[in-house]
Amino acid sequence: MSHADTLAVRVVAAEQVTPQVKRFTLAPVEGGLLPAFSGGSHIIVVIRGANRVHRNPYSLMSSPASLEHYEIGVRRMEASRGGSHFMHDEVRVGSVLDIAHPVNLFALDKIARKHLLIAGGIGITPFLAHLADLRSGNVPYELHYAVPAPDQAPFCEELTEREAGRMRMYHRSLGDRIDFETLLSQQPLGTHLYVCGGPAIVKNAVDAARGCGWPDSHVHWEQFSAPPPGDAFDAYLAKSNLNVHVVPDQTLLESIEAAGVEVPYLCRGGVCGFCRTEVVAVEGELVHNDHYLSAEERASGKVIMPCVSRARCKKLVLNL
Amino acid sequence: MSVAFNLNETFRDDFTYRNSPQAIRRFPLPFPEDRYMYSVNIEEHLAGPPGSVIEFPIDIDEHYVAECRERALVLAEEPLRFQALPHMMSAQWDCLELIMESLARDYPQHFSLVRQGSRDGDRWTWTNRPLGIHQQFTFGDPATLPQQPLDYITRQAQGDWVVMDQREGDLWAEAGMVTTQADWSLDFDLGMSFKEWHGPVPLAHEMGVFDRALKFLLDLRLNKPVRRLNWTMTINPRLDTSPENYYKWGPDRTTVTPQNAGDKVHLRVELQGLWRLPRSNGIVFSVRCYLISLHELVTIPKWARRVHRVLRDLHPALVDYKGLTRYRDAAVQYLAPFDDGAPTSPGTAPE
């Protein structure tokens, strides 16, 4: 993704949905309609903080049929590197943001006989766009939505209204958890599973699907890891002959970009593989946080996904 | 940009198709050098020089009206040249929007599109002046058009259109309008995966071309279309060289002599465009066919030299795959006198 490929949007509404989650409604600064998109798409929002630029991925949660605005849901991350705090604290109605064109890495399968949607917390956002499509179609679907507690269930009220009879809520505080084995073993042939949420719900759902004999082609998941902070380290970009310093709450990709070197990317969450970068040398340890590289690739020490991964090292040389 | 149309030319029977001198100069020669082999020759579909076939995303040229008439003739005889599986309806609308928006924006003298209505402007009015069409419809409601959306709009567009669904890490050809094809069949390929419908292509599988091309296309982004050129040869300016009609055009290959090759043998170039579709997350593959007779081609001296050398030295497997076996030698003999052995300048420009 080239950084020039962005559109300017204005925040036309900002709503505190739960204590942790805000919904932002974005409209094109130039008026007219936003680019059409498919359910499951995300956008990259360019967040110009006080000291540096964040580029955070957020799922589009508004209906693909309505292009006068996009909606995104932003959760305030406890261990935030600043992006989500900036969105919550500094971005308000009237703020102008740059966004990249939508990209879909979590589409519904168009020939599924049934869609089984499983959301954990803020992982509900891509499903809100999917549900807008599914409601107007004739393929059966179910939504299973797990949240920590009734007051931490973003968009639950509007969902309950629209999806009555097709949705079940699970409140962890009330001891209510998804029984994946039972749920997945009772689905009709041709069902596709989609799960979006934190690491635990994704792992439990995917493991259960494999355990029940589901083919991988029918199991879809999206887990955008917020890049975890870590120790500061330095990297040398060999082709550019540049040194970059990565501070604890900055990603390697952000610091490379801040040095003026462009790396292609799509998801900035460690899943798409676009920013895969060759490691020429490392004295120390690579800290892989992505969901893309194979175990062998990780073990090789020859490649890193700089959008989420870091290093604990004296020296890191990248082929950039 | 205004185009003067060759209203009465034909692509069958008396074959009155001709290129004007302007059309010859803008012909998309697919040979940047004096020899040819497969490559993943995909590039961004960016605007090219004014007047070139890539000035606009979708090119309209002097053959537009005649090509649309030819398509209608094919469809009247063989309705299955248009097909779309039921789950491709949103992709059909995506294609209709892409084509209408491009033509209305780039050829306002010939086409116009007005969007009205409260719900994201879904009441559309489409005007196609060259074909005398004026249509009001509701975007998203197939009942408001005389045909399915892809059928409707590709009857008004040059070139073939194949729409692919993306799932399971693959692309599936599941809708299309195919009447100007180089010996392949939508009816046969419908529902196939990317490597399945490329199955007959020699050499390229072993070269890993399709692995790389598929990976590239799965990541194709909105607003970032790509293109490539492909080519073959056709006897007579016949657009519909389909397997279904092989009995009609196959025997033409036996009629070529060095004396008539200039008029009979046509270089057939496909400008292939690929767009990510926004609502369906599918991809549309357009195959726009440009035909030029060797007689027209040799009016550009550099092209005469180059095409002579490419044909003369072509890999035998490609000679067979492209169906040139019976008449390649006659074509090379026709071209040889136009090749004085002088070097050709790099690139495809006429000089």
# chains A, B, ... in the order shown; residues from 1 in each chain; ligands from 1
$ select_by_dssp --residues "range 69-234 of chain B" --states "alpha helix (DSSP H)" --output "MDAnalysis selection string"
chainID B and resid 69:77 89:106 149:154 186:189 194:197 209:218
$ closest_atom_pairs --of "chain B" --to "chain A" --cutoff "8 Å" --atoms "only C-alpha atoms" --output "Markdown table"
| residue | atom | partner | partner_atom | distance |
| --- | --- | --- | --- | --- |
| B:His87 | CA | A:Lys110 | CA | 6.0 |
| B:Arg119 | CA | A:Ser66 | CA | 7.7 |
| B:Asp120 | CA | A:Ser66 | CA | 6.6 |
| B:Arg167 | CA | A:Asp109 | CA | 6.3 |
| B:Glu168 | CA | A:Ser217 | CA | 5.6 |
| B:Arg221 | CA | A:Val103 | CA | 6.9 |
| B:Leu222 | CA | A:His101 | CA | 6.8 |
| B:Asn223 | CA | A:His101 | CA | 7.9 |
| B:Pro278 | CA | A:Phe37 | CA | 4.6 |
| B:Arg279 | CA | A:Ser38 | CA | 4.5 |
| B:Ser280 | CA | A:Ser38 | CA | 5.8 |
| B:Asn281 | CA | A:Ser38 | CA | 6.0 |
$ write_last_selection --atoms "N, CA and C atoms" --output "PDB file, in the first residue's frame"
ATOM      1  N   HIS B  87     -24.740 -17.068  -7.305  1.00  0.00           N
ATOM      2  CA  HIS B  87     -24.070 -16.281  -6.266  1.00  0.00           C
ATOM      3  C   HIS B  87     -23.249 -15.135  -6.851  1.00  0.00           C
ATOM      4  N   ARG B 119     -31.660   6.668  -1.760  1.00  0.00           N
ATOM      5  CA  ARG B 119     -30.871   5.581  -1.178  1.00  0.00           C
ATOM      6  C   ARG B 119     -29.565   5.436  -1.964  1.00  0.00           C
ATOM      7  N   ASP B 120     -28.585   6.245  -1.600  1.00  0.00           N
ATOM      8  CA  ASP B 120     -27.290   6.238  -2.276  1.00  0.00           C
ATOM      9  C   ASP B 120     -27.440   6.391  -3.790  1.00  0.00           C
ATOM     10  N   ARG B 167     -12.567 -17.365  -3.268  1.00  0.00           N
ATOM     11  CA  ARG B 167     -12.785 -18.119  -2.033  1.00  0.00           C
ATOM     12  C   ARG B 167     -11.801 -19.282  -1.997  1.00  0.00           C
ATOM     13  N   GLU B 168     -11.579 -19.819  -0.806  1.00  0.00           N
ATOM     14  CA  GLU B 168     -10.645 -20.940  -0.596  1.00  0.00           C
ATOM     15  C   GLU B 168      -9.281 -20.646  -1.190  1.00  0.00           C
ATOM     16  N   ARG B 221      -6.033  -5.178  -5.381  1.00  0.00           N
ATOM     17  CA  ARG B 221      -6.715  -4.226  -4.513  1.00  0.00           C
ATOM     18  C   ARG B 221      -7.743  -3.394  -5.269  1.00  0.00           C
ATOM     19  N   LEU B 222      -8.689  -2.890  -4.515  1.00  0.00           N
ATOM     20  CA  LEU B 222      -9.650  -1.950  -5.081  1.00  0.00           C
ATOM     21  C   LEU B 222      -8.906  -0.764  -5.657  1.00  0.00           C
ATOM     22  N   ASN B 223      -9.425  -0.244  -6.786  1.00  0.00           N
ATOM     23  CA  ASN B 223      -8.848   0.990  -7.328  1.00  0.00           C
ATOM     24  C   ASN B 223      -7.455   0.801  -7.910  1.00  0.00           C
ATOM     25  N   PRO B 278     -15.816  -4.119  -5.903  1.00  0.00           N
ATOM     26  CA  PRO B 278     -15.967  -3.666  -4.521  1.00  0.00           C
ATOM     27  C   PRO B 278     -17.022  -4.394  -3.696  1.00  0.00           C
ATOM     28  N   ARG B 279     -18.228  -4.616  -4.232  1.00  0.00           N
ATOM     29  CA  ARG B 279     -19.311  -5.153  -3.389  1.00  0.00           C
ATOM     30  C   ARG B 279     -19.205  -6.658  -3.211  1.00  0.00           C
ATOM     31  N   SER B 280     -18.694  -7.325  -4.237  1.00  0.00           N
ATOM     32  CA  SER B 280     -18.655  -8.781  -4.229  1.00  0.00           C
ATOM     33  C   SER B 280     -17.294  -9.316  -3.794  1.00  0.00           C
ATOM     34  N   ASN B 281     -16.283  -8.467  -3.759  1.00  0.00           N
ATOM     35  CA  ASN B 281     -14.903  -8.891  -3.526  1.00  0.00           C
ATOM     36  C   ASN B 281     -14.434  -9.873  -4.606  1.00  0.00           C
TER      37      ASN B 281
END
$ atom_distance --atom1 "CA of Leu316 in chain A" --atom2 "CA of Gly260 in chain A"
18.2 Å
$ select_by_dssp --residues "range 116-307 of chain A" --states "strand (DSSP E or B)" --output "PyMOL selection string"
chain A and resi 116-120+141-147+167-171+191-196+219-222+233-237+242-246+277-287+303-304
$ residues_around --residues "Lys264 in chain B" --least-positions-apart "3" --cutoff "6 Å" --atoms "only C-alpha atoms" --output "number ranges by chain"
B: 235-236, 261
$ residues_around --residues "range 37-46 of chain B" --least-positions-apart "3" --cutoff "6 Å" --atoms "only C-alpha atoms" --output "ChimeraX atom specification"
/B:225-228
$ write_last_selection --atoms "N, CA and C atoms" --output "PDB file, in the first residue's frame"
ATOM      1  N   PRO B 225      -6.429  -1.533 -10.668  1.00  0.00           N
ATOM      2  CA  PRO B 225      -6.521  -2.554 -11.705  1.00  0.00           C
ATOM      3  C   PRO B 225      -5.167  -2.816 -12.346  1.00  0.00           C
ATOM      4  N   VAL B 226      -5.030  -3.994 -12.936  1.00  0.00           N
ATOM      5  CA  VAL B 226      -3.799  -4.365 -13.629  1.00  0.00           C
ATOM      6  C   VAL B 226      -4.159  -4.824 -15.036  1.00  0.00           C
ATOM      7  N   ARG B 227      -3.132  -4.936 -15.888  1.00  0.00           N
ATOM      8  CA  ARG B 227      -3.370  -5.383 -17.263  1.00  0.00           C
ATOM      9  C   ARG B 227      -2.194  -6.206 -17.752  1.00  0.00           C
ATOM     10  N   ARG B 228      -2.444  -6.943 -18.822  1.00  0.00           N
ATOM     11  CA  ARG B 228      -1.375  -7.602 -19.555  1.00  0.00           C
ATOM     12  C   ARG B 228      -1.829  -7.769 -20.990  1.00  0.00           C
TER      13      ARG B 228
END
$ residues_around --residues "Gly51 in chain B" --least-positions-apart "5" --cutoff "10 Å" --atoms "only C-alpha atoms" --output "VMD selection string"
chain B and resid 1 22 to 23 25 to 26 56 59 61
$ write_last_selection --atoms "C-alpha atoms" --output "short mmCIF file (atom, residue, chain, number, x, y, z; two decimals), in the first residue's frame"
data_model
loop_
_atom_site.label_atom_id
_atom_site.label_comp_id
_atom_site.auth_asym_id
_atom_site.auth_seq_id
_atom_site.Cartn_x
_atom_site.Cartn_y
_atom_site.Cartn_z
CA MET B 1 -12.89 11.67 -26.65
CA GLN B 22 -5.16 5.81 -36.97
CA ALA B 23 -6.33 2.42 -35.70
CA ARG B 25 -0.91 3.26 -35.30
CA ARG B 26 -2.66 2.67 -31.96
CA PHE B 56 -8.72 5.01 -20.57
CA ASP B 59 -11.15 1.44 -24.57
CA ASP B 61 -12.58 2.34 -30.77
#
